[in-house]
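Novice: Next comes the structure file upload21.csv, holding CSV, N, CA and C atoms.
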chain,number,residue,atom,x,y,z
P,1,MET,N,17.4,33.9,6.5
P,1,MET,CA,16.5,32.9,6.1
P,1,MET,C,16.6,32.6,4.6
P,2,GLU,N,16.9,33.6,3.8
P,2,GLU,CA,17.0,33.3,2.4
P,2,GLU,C,18.2,32.4,2.1
P,3,GLU,N,19.3,32.5,2.9
P,3,GLU,CA,20.4,31.6,2.6
P,3,GLU,C,20.0,30.2,2.8
P,4,LYS,N,19.2,29.9,3.8
P,4,LYS,CA,18.8,28.5,4.0
P,4,LYS,C,18.0,28.0,2.8
P,5,VAL,N,17.1,28.8,2.3
P,5,VAL,CA,16.3,28.4,1.1
P,5,VAL,C,17.2,28.1,-0.1
P,6,ALA,N,18.2,29.1,-0.3
P,6,ALA,CA,19.1,28.9,-1.4
P,6,ALA,C,20.0,27.7,-1.3
P,7,SER,N,20.5,27.4,-0.1
P,7,SER,CA,21.3,26.3,0.1
P,7,SER,C,20.5,25.0,-0.1
P,8,ILE,N,19.3,24.9,0.4
P,8,ILE,CA,18.5,23.8,0.2
P,8,ILE,C,18.2,23.6,-1.3
P,9,HIS,N,17.9,24.7,-2.0
P,9,HIS,CA,17.7,24.6,-3.5
P,9,HIS,C,19.0,24.0,-4.1
P,10,ASP,N,20.2,24.5,-3.7
P,10,ASP,CA,21.4,24.1,-4.3
P,10,ASP,C,21.7,22.6,-4.0
P,11,LEU,N,21.3,22.2,-2.7
P,11,LEU,CA,21.5,20.8,-2.4
P,11,LEU,C,20.5,19.9,-3.2
P,12,LEU,N,19.3,20.3,-3.4
P,12,LEU,CA,18.4,19.6,-4.2
P,12,LEU,C,18.9,19.4,-5.6
P,13,SER,N,19.5,20.5,-6.2
P,13,SER,CA,20.1,20.4,-7.5
P,13,SER,C,21.2,19.4,-7.6
P,14,LYS,N,22.1,19.5,-6.5
P,14,LYS,CA,23.2,18.6,-6.4
P,14,LYS,C,22.8,17.1,-6.4
P,15,ALA,N,21.8,16.9,-5.5
P,15,ALA,CA,21.3,15.5,-5.3
P,15,ALA,C,20.7,15.0,-6.6
P,16,GLU,N,19.9,15.8,-7.3
P,16,GLU,CA,19.3,15.4,-8.6
P,16,GLU,C,20.4,15.1,-9.7
P,17,GLU,N,21.4,16.0,-9.7
P,17,GLU,CA,22.5,15.8,-10.6
P,17,GLU,C,23.3,14.5,-10.3
P,18,ASP,N,23.5,14.2,-9.0
P,18,ASP,CA,24.1,12.9,-8.6
P,18,ASP,C,23.3,11.7,-9.0
P,19,LYS,N,22.0,11.8,-8.9
P,19,LYS,CA,21.1,10.7,-9.3
P,19,LYS,C,21.2,10.5,-10.8
P,20,LYS,N,21.2,11.6,-11.6
P,20,LYS,CA,21.3,11.5,-13.0
P,20,LYS,C,22.6,10.8,-13.4
P,21,ASN,N,23.7,11.1,-12.7
P,21,ASN,CA,25.0,10.5,-12.9
P,21,ASN,C,25.2,9.1,-12.3
P,22,ASN,N,24.1,8.5,-11.8
P,22,ASN,CA,24.2,7.2,-11.1
P,22,ASN,C,25.1,7.2,-9.9
P,23,ASP,N,25.3,8.3,-9.2
P,23,ASP,CA,26.0,8.3,-8.0
P,23,ASP,C,24.9,8.3,-6.9
P,24,ILE,N,24.2,7.2,-6.7
P,24,ILE,CA,23.1,7.1,-5.8
P,24,ILE,C,23.5,7.3,-4.4
P,25,SER,N,24.6,6.8,-3.9
P,25,SER,CA,25.0,7.0,-2.5
P,25,SER,C,25.2,8.4,-2.2
P,26,SER,N,25.8,9.2,-3.1
P,26,SER,CA,26.0,10.6,-2.8
P,26,SER,C,24.6,11.4,-2.8
P,27,ALA,N,23.7,11.0,-3.7
P,27,ALA,CA,22.4,11.6,-3.8
P,27,ALA,C,21.6,11.3,-2.5
P,28,ILE,N,21.7,10.1,-2.0
P,28,ILE,CA,21.0,9.7,-0.7
P,28,ILE,C,21.6,10.5,0.4
P,29,LYS,N,22.9,10.6,0.5
P,29,LYS,CA,23.5,11.4,1.6
P,29,LYS,C,23.0,12.9,1.5
P,30,THR,N,23.0,13.4,0.3
P,30,THR,CA,22.5,14.8,0.2
P,30,THR,C,21.1,15.0,0.5
P,31,TYR,N,20.2,14.1,0.1
P,31,TYR,CA,18.8,14.2,0.5
P,31,TYR,C,18.6,14.1,2.0
P,32,HIS,N,19.4,13.2,2.7
P,32,HIS,CA,19.3,13.2,4.2
P,32,HIS,C,19.8,14.5,4.8
P,33,GLU,N,20.8,15.1,4.2
P,33,GLU,CA,21.3,16.4,4.7
P,33,GLU,C,20.2,17.5,4.6
P,34,ILE,N,19.5,17.4,3.5
P,34,ILE,CA,18.4,18.4,3.3
P,34,ILE,C,17.3,18.2,4.3
P,35,LEU,N,16.9,16.9,4.5
P,35,LEU,CA,15.9,16.6,5.5
P,35,LEU,C,16.3,17.0,6.9
P,36,LYS,N,17.5,16.9,7.3
P,36,LYS,CA,18.0,17.3,8.6
P,36,LYS,C,17.8,18.8,8.7
P,37,ALA,N,18.0,19.6,7.7
P,37,ALA,CA,17.9,21.0,7.7
P,37,ALA,C,16.4,21.5,7.7
P,38,ASP,N,15.6,20.7,6.9
P,38,ASP,CA,14.2,21.1,6.8
P,38,ASP,C,13.4,19.8,6.5
P,39,ALA,N,12.7,19.3,7.5
P,39,ALA,CA,11.9,18.1,7.4
P,39,ALA,C,10.7,18.2,6.5
P,40,MET,N,10.4,19.4,6.0
P,40,MET,CA,9.2,19.5,5.2
P,40,MET,C,9.4,19.6,3.7
P,41,GLN,N,10.6,19.1,3.3
P,41,GLN,CA,11.0,19.2,1.9
P,41,GLN,C,10.4,18.0,1.1
P,42,ILE,N,9.3,18.2,0.4
P,42,ILE,CA,8.6,17.1,-0.3
P,42,ILE,C,9.6,16.6,-1.4
P,43,ARG,N,10.3,17.4,-2.1
P,43,ARG,CA,11.2,17.0,-3.2
P,43,ARG,C,12.3,16.1,-2.7
P,44,ALA,N,12.7,16.4,-1.5
P,44,ALA,CA,13.8,15.6,-0.9
P,44,ALA,C,13.3,14.2,-0.5
P,45,TYR,N,12.1,14.1,0.1
P,45,TYR,CA,11.5,12.8,0.4
P,45,TYR,C,11.3,12.0,-0.9
P,46,ASP,N,10.7,12.7,-1.9
P,46,ASP,CA,10.4,12.0,-3.2
P,46,ASP,C,11.8,11.5,-3.8
P,47,GLY,N,12.8,12.4,-3.8
P,47,GLY,CA,14.0,12.0,-4.4
P,47,GLY,C,14.7,10.8,-3.7
P,48,LEU,N,14.6,10.9,-2.3
P,48,LEU,CA,15.2,9.8,-1.5
P,48,LEU,C,14.4,8.5,-1.8
P,49,MET,N,13.1,8.5,-1.9
P,49,MET,CA,12.3,7.3,-2.2
P,49,MET,C,12.7,6.7,-3.5
P,50,LYS,N,12.9,7.6,-4.5
P,50,LYS,CA,13.3,7.1,-5.9
P,50,LYS,C,14.7,6.6,-5.9
P,51,ALA,N,15.6,7.2,-5.1
P,51,ALA,CA,17.0,6.7,-5.0
P,51,ALA,C,17.0,5.3,-4.4
P,52,TYR,N,16.3,5.1,-3.3
P,52,TYR,CA,16.2,3.8,-2.7
P,52,TYR,C,15.6,2.8,-3.7
P,53,ARG,N,14.6,3.2,-4.4
P,53,ARG,CA,13.9,2.4,-5.3
P,53,ARG,C,14.8,1.9,-6.5
P,54,LYS,N,15.6,2.9,-7.0
P,54,LYS,CA,16.6,2.6,-8.0
P,54,LYS,C,17.6,1.7,-7.5
P,55,ASP,N,18.0,1.8,-6.2
P,55,ASP,CA,19.0,0.9,-5.6
P,55,ASP,C,18.3,-0.4,-5.2
P,56,LYS,N,17.0,-0.6,-5.4
P,56,LYS,CA,16.2,-1.8,-5.0
P,56,LYS,C,16.3,-2.1,-3.5
P,57,ASP,N,16.5,-1.0,-2.7
P,57,ASP,CA,16.5,-1.1,-1.2
P,57,ASP,C,15.1,-0.7,-0.7
P,58,TYR,N,14.2,-1.7,-0.8
P,58,TYR,CA,12.8,-1.4,-0.5
P,58,TYR,C,12.5,-1.2,1.0
P,59,LYS,N,13.3,-1.8,1.8
P,59,LYS,CA,13.2,-1.7,3.3
P,59,LYS,C,13.4,-0.2,3.7
P,60,LYS,N,14.5,0.3,3.1
P,60,LYS,CA,14.8,1.7,3.4
P,60,LYS,C,13.8,2.7,2.8
P,61,GLU,N,13.4,2.3,1.6
P,61,GLU,CA,12.3,3.2,0.9
P,61,GLU,C,11.1,3.2,1.8
P,62,LEU,N,10.7,2.0,2.3
P,62,LEU,CA,9.5,1.9,3.2
P,62,LEU,C,9.7,2.8,4.4
P,63,LYS,N,10.9,2.7,5.0
P,63,LYS,CA,11.2,3.5,6.2
P,63,LYS,C,11.0,5.0,5.9
P,64,ILE,N,11.5,5.5,4.8
P,64,ILE,CA,11.4,6.9,4.4
P,64,ILE,C,10.0,7.3,4.2
P,65,ILE,N,9.2,6.4,3.5
P,65,ILE,CA,7.8,6.7,3.2
P,65,ILE,C,7.1,6.9,4.5
P,66,GLU,N,7.3,5.9,5.5
P,66,GLU,CA,6.6,6.0,6.8
P,66,GLU,C,7.0,7.3,7.5
P,67,SER,N,8.2,7.6,7.5
P,67,SER,CA,8.7,8.8,8.1
P,67,SER,C,8.1,10.1,7.5
P,68,ALA,N,8.1,10.1,6.2
P,68,ALA,CA,7.5,11.3,5.5
P,68,ALA,C,6.0,11.4,5.9
P,69,ILE,N,5.3,10.3,5.9
P,69,ILE,CA,3.8,10.4,6.2
P,69,ILE,C,3.6,10.9,7.6
P,70,ARG,N,4.4,10.4,8.6
P,70,ARG,CA,4.3,10.8,10.0
P,70,ARG,C,4.6,12.3,10.1
P,71,VAL,N,5.6,12.8,9.4
P,71,VAL,CA,5.9,14.3,9.5
P,71,VAL,C,4.8,15.1,9.0
P,72,PHE,N,4.2,14.7,7.8
P,72,PHE,CA,3.2,15.5,7.2
P,72,PHE,C,1.8,15.4,7.9
P,73,GLU,N,1.5,14.2,8.5
P,73,GLU,CA,0.3,14.0,9.2
P,73,GLU,C,0.4,14.9,10.5
P,74,LYS,N,1.5,14.9,11.1
P,74,LYS,CA,1.7,15.7,12.3
P,74,LYS,C,1.5,17.2,12.0
P,75,TYR,N,2.1,17.6,10.8
P,75,TYR,CA,2.0,19.0,10.4
P,75,TYR,C,0.5,19.3,10.1
P,76,TYR,N,-0.2,18.5,9.4
P,76,TYR,CA,-1.6,18.8,9.1
P,76,TYR,C,-2.5,18.7,10.4
P,77,ALA,N,-2.2,17.8,11.3
P,77,ALA,CA,-2.9,17.7,12.6
P,77,ALA,C,-2.7,19.0,13.4
P,78,ASN,N,-1.5,19.6,13.4
P,78,ASN,CA,-1.3,20.8,14.1
P,78,ASN,C,-1.9,22.0,13.5
P,79,SER,N,-2.1,21.9,12.2
P,79,SER,CA,-2.7,23.1,11.5
P,79,SER,C,-4.3,23.0,11.6
P,80,GLU,N,-4.8,22.0,12.2
P,80,GLU,CA,-6.3,21.9,12.3
P,80,GLU,C,-6.8,22.2,13.7
P,81,ASN,N,-6.0,22.8,14.5
P,81,ASN,CA,-6.5,23.2,15.9
P,81,ASN,C,-7.3,24.4,15.8
P,82,HIS,N,-8.6,24.3,15.8
P,82,HIS,CA,-9.6,25.4,15.7
P,82,HIS,C,-10.6,25.3,16.8
P,83,SER,N,-11.4,26.3,16.9
P,83,SER,CA,-12.5,26.3,17.9
P,83,SER,C,-13.5,25.2,17.6
P,84,LYS,N,-14.3,24.9,18.7
P,84,LYS,CA,-15.3,23.9,18.5
P,84,LYS,C,-16.3,24.2,17.4
P,85,GLN,N,-16.7,25.4,17.3
P,85,GLN,CA,-17.6,25.8,16.3
P,85,GLN,C,-17.1,25.6,14.8
P,86,ILE,N,-15.8,26.0,14.6
P,86,ILE,CA,-15.2,25.8,13.3
P,86,ILE,C,-15.0,24.3,13.0
P,87,LYS,N,-14.6,23.5,14.1
P,87,LYS,CA,-14.5,22.1,13.9
P,87,LYS,C,-15.8,21.4,13.6
P,88,SER,N,-16.9,21.8,14.2
P,88,SER,CA,-18.2,21.3,14.0
P,88,SER,C,-18.6,21.5,12.5
P,89,ILE,N,-18.5,22.8,12.1
P,89,ILE,CA,-18.8,23.1,10.7
P,89,ILE,C,-18.0,22.4,9.7
P,90,SER,N,-16.7,22.3,10.0
P,90,SER,CA,-15.8,21.5,9.1
P,90,SER,C,-16.1,20.1,9.0
P,91,ASP,N,-16.5,19.5,10.1
P,91,ASP,CA,-16.9,18.1,10.1
P,91,ASP,C,-18.1,17.8,9.3
P,92,LYS,N,-19.1,18.7,9.4
P,92,LYS,CA,-20.3,18.6,8.6
P,92,LYS,C,-20.1,18.8,7.2
P,93,LEU,N,-19.2,19.7,6.8
P,93,LEU,CA,-18.9,20.0,5.4
P,93,LEU,C,-18.1,18.8,4.8
P,94,ASN,N,-17.2,18.3,5.6
P,94,ASN,CA,-16.4,17.1,5.1
P,94,ASN,C,-17.3,15.9,4.9
P,95,LYS,N,-18.3,15.7,5.8
P,95,LYS,CA,-19.2,14.6,5.6
P,95,LYS,C,-20.1,14.8,4.3
P,96,SER,N,-20.6,16.0,4.1
P,96,SER,CA,-21.4,16.3,3.0
P,96,SER,C,-20.7,16.2,1.7
P,97,LEU,N,-19.4,16.5,1.7
P,97,LEU,CA,-18.6,16.4,0.5
P,97,LEU,C,-18.0,15.0,0.2
P,98,GLY,N,-18.2,14.1,1.2
P,98,GLY,CA,-17.7,12.7,1.1
P,98,GLY,C,-16.2,12.6,1.4
P,99,LEU,N,-15.7,13.6,2.1
P,99,LEU,CA,-14.2,13.5,2.4
P,99,LEU,C,-14.0,12.6,3.6
P,100,VAL,N,-15.0,12.3,4.4
P,100,VAL,CA,-14.9,11.4,5.5
P,100,VAL,C,-16.1,10.4,5.5
P,101,ASP,N,-15.9,9.3,6.1
P,101,ASP,CA,-17.0,8.3,6.2
P,101,ASP,C,-17.9,8.6,7.4
P,102,LYS,N,-18.9,7.8,7.6
P,102,LYS,CA,-19.9,8.1,8.7
P,102,LYS,C,-19.2,8.1,10.1
P,103,LYS,N,-18.1,7.4,10.3
P,103,LYS,CA,-17.4,7.4,11.5
P,103,LYS,C,-16.4,8.6,11.7
P,104,GLY,N,-16.2,9.4,10.6
P,104,GLY,CA,-15.3,10.5,10.7
P,104,GLY,C,-13.9,10.2,10.2
P,105,ASN,N,-13.7,8.9,9.7
P,105,ASN,CA,-12.4,8.6,9.1
P,105,ASN,C,-12.2,9.2,7.7
P,106,ARG,N,-11.1,9.7,7.4
P,106,ARG,CA,-10.8,10.3,6.2
P,106,ARG,C,-10.9,9.4,5.0
P,107,ASN,N,-11.5,9.8,3.9
P,107,ASN,CA,-11.5,9.1,2.6
P,107,ASN,C,-10.5,9.8,1.7
P,108,TYR,N,-10.0,10.9,2.1
P,108,TYR,CA,-9.1,11.7,1.3
P,108,TYR,C,-7.9,12.2,2.2
P,109,TYR,N,-6.7,12.1,1.7
P,109,TYR,CA,-5.6,12.6,2.4
P,109,TYR,C,-5.0,13.7,1.6
P,110,PRO,N,-4.6,14.8,2.2
P,110,PRO,CA,-3.9,15.9,1.4
P,110,PRO,C,-2.6,15.4,0.8
P,111,GLU,N,-2.3,16.0,-0.3
P,111,GLU,CA,-1.0,15.6,-0.9
P,111,GLU,C,0.1,16.2,-0.1
P,112,PRO,N,1.2,15.5,0.0
P,112,PRO,CA,1.7,14.3,-0.7
P,112,PRO,C,1.3,13.0,0.0
P,113,ILE,N,0.6,13.1,1.1
P,113,ILE,CA,0.3,11.9,1.9
P,113,ILE,C,-0.4,10.8,1.1
P,114,GLY,N,-1.4,11.2,0.4
P,114,GLY,CA,-2.2,10.2,-0.4
P,114,GLY,C,-1.3,9.4,-1.4
P,115,ARG,N,-0.4,10.2,-2.1
P,115,ARG,CA,0.5,9.5,-3.0
P,115,ARG,C,1.5,8.6,-2.3
P,116,TRP,N,2.0,9.0,-1.2
P,116,TRP,CA,2.9,8.2,-0.4
P,116,TRP,C,2.3,7.0,0.1
P,117,GLN,N,1.0,7.1,0.5
P,117,GLN,CA,0.3,5.9,1.0
P,117,GLN,C,0.2,4.8,-0.1
P,118,THR,N,-0.1,5.3,-1.3
P,118,THR,CA,-0.2,4.4,-2.4
P,118,THR,C,1.1,3.7,-2.7
P,119,ARG,N,2.2,4.5,-2.6
P,119,ARG,CA,3.5,3.9,-2.8
P,119,ARG,C,3.9,2.9,-1.7
P,120,LYS,N,3.5,3.3,-0.5
P,120,LYS,CA,3.7,2.4,0.6
P,120,LYS,C,3.1,1.0,0.4
P,121,LYS,N,1.9,0.9,-0.1
P,121,LYS,CA,1.3,-0.3,-0.3
P,121,LYS,C,2.0,-1.1,-1.4
P,122,THR,N,2.5,-0.4,-2.4
P,122,THR,CA,3.3,-1.1,-3.5
P,122,THR,C,4.6,-1.7,-2.9
P,123,VAL,N,5.3,-0.9,-2.1
P,123,VAL,CA,6.6,-1.4,-1.5
P,123,VAL,C,6.3,-2.5,-0.6
P,124,GLU,N,5.2,-2.5,0.2
P,124,GLU,CA,4.9,-3.6,1.1
P,124,GLU,C,4.6,-4.9,0.3
P,125,LYS,N,4.0,-4.8,-0.8
P,125,LYS,CA,3.8,-6.0,-1.7
P,125,LYS,C,5.1,-6.5,-2.2
P,126,LYS,N,6.0,-5.6,-2.6
P,126,LYS,CA,7.3,-6.1,-3.1
P,126,LYS,C,8.1,-6.8,-2.0
P,127,LEU,N,8.0,-6.3,-0.7
P,127,LEU,CA,8.7,-6.9,0.4
P,127,LEU,C,8.1,-8.2,0.8
P,128,ALA,N,6.8,-8.4,0.6
P,128,ALA,CA,6.1,-9.6,0.9
P,128,ALA,C,6.5,-10.8,0.0
P,129,LYS,N,7.0,-10.5,-1.2
P,129,LYS,CA,7.3,-11.5,-2.1
P,129,LYS,C,8.5,-12.4,-1.6
The structure given in the file should be rewritten as structure tokens.
Specialist:
Amino acid sequence: MEEKVASIHDLLSKAEEDKKNNDISSAIKTYHEILKADAMQIRAYDGLMKAYRKDKDYKKELKIIESAIRVFEKYYANSENHSKQIKSISDKLNKSLGLVDKKGNRNYYPEPIGRWQTRKKTVEKKLAK
């Protein structure tokens, strides 16, 4: 398992170096390779979004943002499977802290989802022009 972490770290370094050297296509390819190996790599999603942004390919950037949000929402939803008692207490606490509205809709999203949703709105505005 340590080899996988080391290779992902090496690939991230390679992709960031490619991006610095303006070899955007190579960086994009490497980021995709990282995400195939481990879909939970925040740095790979961020790097890929920035690479597409630098390339001014907003459609692909939007596609990556949406994909990243789906992956992490699924991850957080799976990690919230608790007993009814724990869910009830969590719901009450979330309401009292203002993390959800009266209907139970989230006012706050854990990172990196919140940051990506903000970026998604910006990209959608650019595409609407």
Novice: Using atom N of Lys19 (chain P) and CA of Lys125 (chain P) as the two end points, give the distance in Å to one decimal.
Specialist: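 So the answer is 26.5 Å.
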Novice: What separation in Å, quoted to one decimal, exists between CA of Glu61 (chain P) and atom N of Lys36 (chain P)?
Specialist: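 So the two atoms, CA of Glu61 (chain P) and atom N of Lys36 (chain P), lie 16.0 Å apart.
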Novice: Mind giving me the straight-line distance from CA of Ala39 (chain P) to atom C of Glu111 (chain P) in Å, one decimal?
Specialist: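 So the two atoms, CA of Ala39 (chain P) and atom C of Glu111 (chain P), lie 14.1 Å apart.
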Novice: Residues at most 8 Å from region 20-25 of chain P, counting all atoms listed in the file, excluding those fewer than 6 positions away in the same chain, as a list in words?
Specialist: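 In the requested format, the answer is Lys14, Tyr31, Ala51, Tyr52, Lys54 and Asp55 of chain P.
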